[in-house]
>>> print(open('upload_23.txt').read())   # compact mmCIF, C-alpha atoms
# COMPACT_ATOMS: atom_id res chain seq x y z
CA MET A 1 -6.74 15.96 -16.81
CA VAL A 2 -9.65 15.74 -19.24
CA GLN A 3 -8.86 16.63 -22.86
CA SER A 4 -11.37 17.43 -25.60
CA THR A 5 -11.42 17.64 -29.40
CA LEU A 6 -14.53 19.88 -29.42
CA PRO A 7 -14.34 23.28 -31.16
CA SER A 8 -13.04 26.02 -28.86
CA THR A 9 -16.47 27.63 -28.33
CA ASP A 10 -18.02 24.27 -27.50
CA VAL A 11 -15.14 23.50 -25.17
CA LEU A 12 -15.67 26.79 -23.34
CA ASN A 13 -19.38 26.16 -23.03
CA TYR A 14 -18.72 22.62 -21.87
CA TRP A 15 -16.37 23.70 -19.08
CA ASN A 16 -18.63 26.57 -18.09
CA ALA A 17 -21.41 24.03 -17.66
CA ILE A 18 -19.12 21.69 -15.73
CA ASN A 19 -17.94 24.47 -13.42
CA SER A 20 -21.48 25.68 -12.76
CA ILE A 21 -22.40 22.34 -11.20
CA ASP A 22 -22.39 22.24 -7.41
CA TYR A 23 -19.71 19.88 -6.08
CA PRO A 24 -20.20 19.80 -2.27
CA SER A 25 -17.05 19.79 -0.18
CA SER A 26 -18.87 17.76 2.47
CA ASP A 27 -21.98 15.63 2.74
CA GLY A 28 -23.38 17.81 5.55
CA LEU A 29 -23.21 14.94 8.02
CA PRO A 30 -21.07 14.93 11.16
CA MET A 31 -17.93 12.82 11.09
CA ALA A 32 -18.70 9.44 12.59
CA GLU A 33 -15.21 8.15 13.36
CA SER A 34 -14.51 6.56 16.70
CA ASP A 35 -11.63 7.82 18.81
CA PHE A 36 -9.57 4.88 17.50
CA GLN A 37 -10.13 5.85 13.87
CA ARG A 38 -9.72 9.59 14.38
CA LYS A 39 -6.48 9.14 16.31
CA TYR A 40 -4.72 7.28 13.51
CA LEU A 41 -6.31 9.28 10.70
CA THR A 42 -4.96 12.45 12.31
CA TYR A 43 -1.57 10.86 12.96
CA ALA A 44 -1.18 9.62 9.39
CA VAL A 45 -2.12 12.94 7.76
CA GLU A 46 0.02 14.97 10.15
CA ALA A 47 3.05 12.65 10.07
CA LEU A 48 3.08 12.51 6.27
CA SER A 49 2.52 16.28 6.03
CA VAL A 50 5.47 16.93 8.34
CA TYR A 51 7.67 14.45 6.47
CA PHE A 52 6.90 15.96 3.05
CA ARG A 53 6.73 19.58 4.24
CA ASP A 54 9.71 20.63 2.07
CA ARG A 55 8.35 18.94 -1.06
CA ARG A 56 6.22 21.45 -2.97
CA ASP A 57 5.19 18.69 -5.38
CA VAL A 58 3.67 16.41 -2.74
CA TYR A 59 0.09 16.91 -1.58
CA VAL A 60 -1.13 15.18 1.58
CA SER A 61 -4.73 15.26 2.77
CA GLY A 62 -7.51 13.19 4.25
CA ASN A 63 -11.27 12.99 4.59
CA MET A 64 -11.57 15.07 1.44
CA PHE A 65 -13.90 14.47 -1.49
CA ILE A 66 -12.17 13.36 -4.68
CA TYR A 67 -14.40 14.03 -7.71
CA TYR A 68 -13.33 11.95 -10.68
CA GLU A 69 -15.98 12.51 -13.37
CA PRO A 70 -16.68 16.02 -14.70
CA GLY A 71 -20.32 16.96 -14.40
CA ASN A 72 -21.23 14.09 -12.08
CA PRO A 73 -21.21 15.08 -8.39
CA ARG A 74 -22.07 11.48 -7.48
CA ALA A 75 -18.76 10.24 -8.89
CA VAL A 76 -16.93 10.92 -5.66
CA VAL A 77 -14.89 9.10 -3.07
CA ALA A 78 -13.42 10.33 0.23
CA PRO A 79 -10.26 8.52 1.38
CA ASP A 80 -9.28 8.77 5.02
CA VAL A 81 -5.69 9.51 4.00
CA PHE A 82 -4.17 10.13 0.58
CA VAL A 83 -0.91 11.34 -0.95
CA VAL A 84 -0.29 12.64 -4.46
CA ILE A 85 3.29 12.76 -5.71
CA GLY A 86 3.34 15.44 -8.38
CA ALA A 87 0.51 17.74 -7.26
CA ASP A 88 1.11 21.27 -6.01
CA LYS A 89 0.96 21.75 -2.27
CA HIS A 90 -1.88 24.21 -1.62
CA ASP A 91 -5.20 24.22 0.20
CA ARG A 92 -8.22 22.74 -1.60
CA SER A 93 -11.89 22.42 -0.77
CA SER A 94 -12.08 19.21 -2.82
CA TYR A 95 -9.79 17.34 -5.20
CA PHE A 96 -11.14 17.56 -8.76
CA LEU A 97 -9.29 14.93 -10.75
CA TRP A 98 -9.80 16.70 -14.09
CA GLN A 99 -8.13 19.82 -12.67
CA GLU A 100 -5.19 17.94 -11.21
CA PRO A 101 -2.18 16.23 -12.77
CA LYS A 102 -3.04 12.76 -11.47
CA ALA A 103 -4.89 10.58 -9.01
CA PRO A 104 -3.41 9.79 -5.58
CA ASP A 105 -0.44 7.44 -5.43
CA PHE A 106 -1.22 6.28 -1.90
CA VAL A 107 -4.54 5.81 -0.11
CA MET A 108 -5.20 4.51 3.39
CA GLU A 109 -8.52 3.71 5.00
CA ILE A 110 -8.76 3.51 8.80
CA THR A 111 -11.22 0.66 8.66
CA SER A 112 -13.58 -1.10 11.06
CA ARG A 113 -16.30 -3.69 10.96
CA SER A 114 -18.87 -0.95 10.29
CA THR A 115 -17.01 0.29 7.18
CA ARG A 116 -15.78 -3.11 6.08
CA SER A 117 -18.16 -3.63 3.16
CA GLU A 118 -17.37 -0.23 1.64
CA ASP A 119 -13.61 -0.37 2.26
CA GLN A 120 -13.32 -3.87 0.84
CA GLY A 121 -15.78 -3.35 -2.03
CA PRO A 122 -16.78 -0.06 -3.72
CA LYS A 123 -13.86 2.02 -2.48
CA ARG A 124 -11.30 -0.60 -3.41
CA GLY A 125 -12.78 -0.87 -6.89
CA THR A 126 -12.87 2.91 -7.31
CA TYR A 127 -9.24 3.31 -6.27
CA ALA A 128 -8.17 0.65 -8.74
CA PHE A 129 -10.22 2.35 -11.47
CA LEU A 130 -8.55 5.70 -10.69
CA GLY A 131 -5.09 4.14 -10.81
CA VAL A 132 -4.15 4.55 -7.14
CA GLN A 133 -0.87 2.64 -6.94
CA GLU A 134 -1.13 1.55 -3.31
CA TYR A 135 -4.19 0.95 -1.17
CA TRP A 136 -3.72 0.32 2.54
CA GLN A 137 -6.17 -0.66 5.25
CA TYR A 138 -5.56 -0.34 8.97
CA ASP A 139 -7.94 -1.76 11.54
CA PRO A 140 -6.89 -0.11 14.84
CA THR A 141 -9.22 -2.20 17.01
CA GLY A 142 -8.56 -5.49 15.23
CA ASP A 143 -12.27 -5.83 14.48
CA TYR A 144 -11.82 -8.03 11.45
CA LEU A 145 -8.47 -7.61 9.68
CA GLU A 146 -5.69 -10.09 10.44
CA PRO A 147 -3.11 -8.72 10.47
CA PRO A 148 -4.69 -5.33 11.27
CA LEU A 149 -2.44 -3.59 8.69
CA GLN A 150 -2.65 -4.75 5.07
CA GLY A 151 -1.47 -3.25 1.80
CA PHE A 152 -2.32 -3.78 -1.85
CA ARG A 153 -0.35 -2.79 -4.94
CA LEU A 154 -2.00 -2.09 -8.28
CA VAL A 155 -0.93 -4.57 -10.94
CA GLY A 156 -2.64 -3.87 -14.22
CA ARG A 157 -6.21 -3.02 -13.23
CA ASN A 158 -6.38 -5.09 -10.07
CA TYR A 159 -4.89 -4.98 -6.61
CA GLU A 160 -2.54 -7.69 -5.42
CA PRO A 161 -1.70 -8.07 -1.70
CA ILE A 162 1.65 -6.78 -0.58
CA PRO A 163 3.27 -9.86 1.00
CA GLU A 164 3.15 -9.97 4.77
CA PRO A 165 6.71 -9.64 6.13
CA ALA A 166 8.21 -11.76 8.87
CA ARG A 167 7.48 -10.43 12.33
CA SER A 168 10.29 -8.65 14.16
CA ASP A 169 10.07 -7.64 17.82
CA GLY A 170 6.45 -8.71 17.72
CA GLY A 171 5.54 -6.24 14.96
CA LEU A 172 5.23 -6.14 11.18
CA THR A 173 7.13 -3.74 8.92
CA PHE A 174 5.85 -3.21 5.38
CA HIS A 175 7.48 -1.09 2.68
CA SER A 176 5.52 1.49 0.71
CA ALA A 177 7.13 1.84 -2.72
CA ALA A 178 4.82 4.78 -3.48
CA LEU A 179 6.11 6.81 -0.52
CA ASN A 180 9.46 5.10 0.04
CA LEU A 181 8.53 4.78 3.69
CA ALA A 182 8.12 1.91 6.12
CA LEU A 183 4.68 1.24 7.59
CA ARG A 184 5.01 -0.59 10.87
CA LEU A 185 2.37 -2.37 12.89
CA GLU A 186 3.91 -2.24 16.35
CA ALA A 187 3.58 -5.15 18.76
CA SER A 188 1.03 -2.99 20.62
CA GLY A 189 -1.11 -2.84 17.46
CA GLU A 190 -0.33 0.83 16.81
CA LEU A 191 0.44 2.14 13.33
CA ARG A 192 3.64 4.09 12.77
CA PHE A 193 5.44 5.41 9.71
CA TYR A 194 9.23 5.20 9.63
CA ASP A 195 11.94 6.77 7.50
CA PRO A 196 13.85 3.71 6.25
CA GLY A 197 17.02 5.77 5.77
CA SER A 198 17.30 7.11 9.30
CA GLY A 199 15.16 4.52 11.04
CA GLN A 200 13.33 7.36 12.79
CA VAL A 201 9.61 7.26 13.42
CA LEU A 202 7.56 9.94 11.66
CA GLN A 203 5.94 12.23 14.19
CA GLY A 204 2.60 14.00 14.10
CA LEU A 205 2.38 17.78 14.49
CA GLU A 206 2.04 17.67 18.27
CA GLU A 207 4.87 15.18 18.64
CA ALA A 208 7.06 17.11 16.20
CA THR A 209 6.34 20.37 18.05
CA ARG A 210 7.22 18.82 21.40
CA ALA A 211 10.42 17.33 19.94
CA ARG A 212 11.41 20.66 18.38
CA GLU A 213 10.73 22.53 21.62
CA ALA A 214 12.73 19.94 23.57
CA ALA A 215 15.61 20.27 21.09
CA GLU A 216 15.49 24.07 21.39
CA ARG A 217 15.52 23.83 25.19
CA ALA A 218 18.47 21.45 25.01
CA ARG A 219 20.34 23.85 22.70
CA ASP A 220 19.58 26.78 25.02
CA GLU A 221 20.77 24.81 28.04
CA ALA A 222 23.92 23.74 26.21
CA GLU A 223 24.59 27.36 25.21
CA ARG A 224 24.08 28.53 28.79
CA ALA A 225 26.40 25.79 30.05
CA ARG A 226 29.00 26.79 27.44
CA GLN A 227 28.79 30.45 28.43
CA GLN A 228 29.03 29.57 32.13
CA ALA A 229 32.01 27.33 31.48
CA GLU A 230 33.65 30.06 29.41
CA ALA A 231 33.06 32.64 32.15
CA GLN A 232 34.43 30.26 34.76
CA ALA A 233 37.50 29.60 32.60
CA GLN A 234 38.04 33.34 32.22
CA ARG A 235 37.75 33.82 35.98
CA GLU A 236 40.20 31.00 36.62
CA ALA A 237 42.61 32.39 34.02
CA ALA A 238 42.41 35.83 35.58
CA ALA A 239 43.02 34.36 39.06
CA ARG A 240 45.95 32.34 37.74
CA GLN A 241 47.47 35.41 36.09
CA ALA A 242 47.03 37.41 39.30
CA ALA A 243 48.67 34.63 41.32
CA GLU A 244 51.56 34.39 38.85
CA ALA A 245 52.02 38.17 38.97
CA ARG A 246 52.03 38.07 42.80
CA ILE A 247 54.59 35.27 42.81
CA ALA A 248 56.78 37.16 40.34
CA GLU A 249 56.54 40.26 42.54
CA LEU A 250 57.55 38.31 45.64
CA GLU A 251 60.44 36.65 43.83
CA ALA A 252 61.65 40.05 42.62
CA ARG A 253 61.57 41.40 46.19
CA LEU A 254 63.41 38.36 47.46
CA ARG A 255 66.16 38.78 44.87
CA ALA A 256 66.43 42.50 45.74
CA GLN A 257 66.87 41.69 49.42
CA GLU A 258 69.52 39.06 48.63
CA ASN A 259 71.40 41.59 46.53
CA GLU A 260 71.30 44.17 49.33
CA SER A 261 72.73 41.70 51.78
>>> encode(input="upload_23.txt", output="structure tokens")
Amino acid sequence: MVQSTLPSTDVLNYWNAINSIDYPSSDGLPMAESDFQRKYLTYAVEALSVYFRDRRDVYVSGNMFIYYEPGNPRAVVAPDVFVVIGADKHDRSSYFLWQEPKAPDFVMEITSRSTRSEDQGPKRGTYAFLGVQEYWQYDPTGDYLEPPLQGFRLVGRNYEPIPEPARSDGGLTFHSAALNLALRLEASGELRFYDPGSGQVLQGLEEATRAREAAERARDEAERARQQAEAQAQREAAARQAAEARIAELEARLRAQENES
């Protein structure tokens, strides 16, 4: 948040001038991601949004312009995926850093050979300048990164690589301190987020919807089975009571006949 020591009238005029500047919410060009990039960009944004859905102080977005210098529309960067811990969860056209409490804590670029120079150079420098605590790169096609998932943690003003963990089951599992989540490069090369507490994979919206619908169907089937079992038990109890009553009636008749004789 930008602060000023200007007199109140000058401050008002300053912010009026700042707000009158046009800050585009897009560059007017079509998105140029490949299917590989779009798939994991969508998964990451959706999975993190689902995971943090009950946290009103966590904002998750992607492919959105972040403006970081008031009055300068060219001072902008657009991360593929970013998370801010401590920002209100509401829709935005762009993320204006001077109107927000802080810069993102977590940024991920779904990178490729065609975006390599920008992802490794200007964007990385900008994120460090803004104070982004963790910067991750994922190369879904293995064009140039080895391993295809790499993370960097801000130390001072520079990024230091997050050490590559030992491989397990053919994959790599990193820990994001910013999100308190595990980022796993599966043996297949796919990226997945995991909840380290439960060990469960984070699901995208479509996956989460299918899982919820499956769980609802399972609950409905279990309830139907319970009701059927209860009805069957009631029928059996009624039949047993009827049989016991019939036996008691027959025994009473038998005793009456014995008494008569």
>>> residues_around(input="upload_23.txt", residues="Glu46 (chain A)", least_positions_apart="2", cutoff="12 Å", atoms="only C-alpha atoms", output="PyMOL selection string")
chain A and resi 38-44+48-53+59-62+81-83+192-193+202-209
>>> residues_around(input="upload_23.txt", residues="Leu191 (chain A)", least_positions_apart="3", cutoff="12 Å", atoms="only C-alpha atoms", output="VMD selection string")
chain A and resid 36 to 37 39 to 44 47 108 110 136 to 142 147 to 150 171 to 174 182 to 188 194 201 to 203
>>> write_last_selection(input="upload_23.txt", atoms="C-alpha atoms", output="PDB file, in the frame of the given file")
ATOM      1  CA  PHE A  36      -9.570   4.880  17.500  1.00  0.00           C
ATOM      2  CA  GLN A  37     -10.130   5.850  13.870  1.00  0.00           C
ATOM      3  CA  LYS A  39      -6.480   9.140  16.310  1.00  0.00           C
ATOM      4  CA  TYR A  40      -4.720   7.280  13.510  1.00  0.00           C
ATOM      5  CA  LEU A  41      -6.310   9.280  10.700  1.00  0.00           C
ATOM      6  CA  THR A  42      -4.960  12.450  12.310  1.00  0.00           C
ATOM      7  CA  TYR A  43      -1.570  10.860  12.960  1.00  0.00           C
ATOM      8  CA  ALA A  44      -1.180   9.620   9.390  1.00  0.00           C
ATOM      9  CA  ALA A  47       3.050  12.650  10.070  1.00  0.00           C
ATOM     10  CA  MET A 108      -5.200   4.510   3.390  1.00  0.00           C
ATOM     11  CA  ILE A 110      -8.760   3.510   8.800  1.00  0.00           C
ATOM     12  CA  TRP A 136      -3.720   0.320   2.540  1.00  0.00           C
ATOM     13  CA  GLN A 137      -6.170  -0.660   5.250  1.00  0.00           C
ATOM     14  CA  TYR A 138      -5.560  -0.340   8.970  1.00  0.00           C
ATOM     15  CA  ASP A 139      -7.940  -1.760  11.540  1.00  0.00           C
ATOM     16  CA  PRO A 140      -6.890  -0.110  14.840  1.00  0.00           C
ATOM     17  CA  THR A 141      -9.220  -2.200  17.010  1.00  0.00           C
ATOM     18  CA  GLY A 142      -8.560  -5.490  15.230  1.00  0.00           C
ATOM     19  CA  PRO A 147      -3.110  -8.720  10.470  1.00  0.00           C
ATOM     20  CA  PRO A 148      -4.690  -5.330  11.270  1.00  0.00           C
ATOM     21  CA  LEU A 149      -2.440  -3.590   8.690  1.00  0.00           C
ATOM     22  CA  GLN A 150      -2.650  -4.750   5.070  1.00  0.00           C
ATOM     23  CA  GLY A 171       5.540  -6.240  14.960  1.00  0.00           C
ATOM     24  CA  LEU A 172       5.230  -6.140  11.180  1.00  0.00           C
ATOM     25  CA  THR A 173       7.130  -3.740   8.920  1.00  0.00           C
ATOM     26  CA  PHE A 174       5.850  -3.210   5.380  1.00  0.00           C
ATOM     27  CA  ALA A 182       8.120   1.910   6.120  1.00  0.00           C
ATOM     28  CA  LEU A 183       4.680   1.240   7.590  1.00  0.00           C
ATOM     29  CA  ARG A 184       5.010  -0.590  10.870  1.00  0.00           C
ATOM     30  CA  LEU A 185       2.370  -2.370  12.890  1.00  0.00           C
ATOM     31  CA  GLU A 186       3.910  -2.240  16.350  1.00  0.00           C
ATOM     32  CA  ALA A 187       3.580  -5.150  18.760  1.00  0.00           C
ATOM     33  CA  SER A 188       1.030  -2.990  20.620  1.00  0.00           C
ATOM     34  CA  TYR A 194       9.230   5.200   9.630  1.00  0.00           C
ATOM     35  CA  VAL A 201       9.610   7.260  13.420  1.00  0.00           C
ATOM     36  CA  LEU A 202       7.560   9.940  11.660  1.00  0.00           C
ATOM     37  CA  GLN A 203       5.940  12.230  14.190  1.00  0.00           C
TER      38      GLN A 203
END
>>> closest_residue(input="upload_23.txt", among="A:Val155, A:Arg116, A:Leu179, A:Gly121", to="Val58 (chain A)", atoms="all atoms listed in the file")
A:Leu179
>>> residues_around(input="upload_23.txt", residues="Val76 (chain A)", least_positions_apart="4", cutoff="12 Å", atoms="only C-alpha atoms", output="ChimeraX atom specification")
/A:23-27,63-72,94-97,122-123,126-127,130
>>> axis_aligned_box(input="upload_23.txt", around="region 110-113 of chain A", padding_each_side="4 Å", output="AutoDock Vina command-line options")
--center_x -12.5 --center_y -0.1 --center_z 9.9 --size_x 15.5 --size_y 15.2 --size_z 10.4
>>> atom_distance(input="upload_23.txt", atom1="CA of Tyr135 (chain A)", atom2="CA of Asp169 (chain A)")
25.3 Å
>>> atom_distance(input="upload_23.txt", atom1="CA of Thr115 (chain A)", atom2="CA of Val45 (chain A)")
19.5 Å
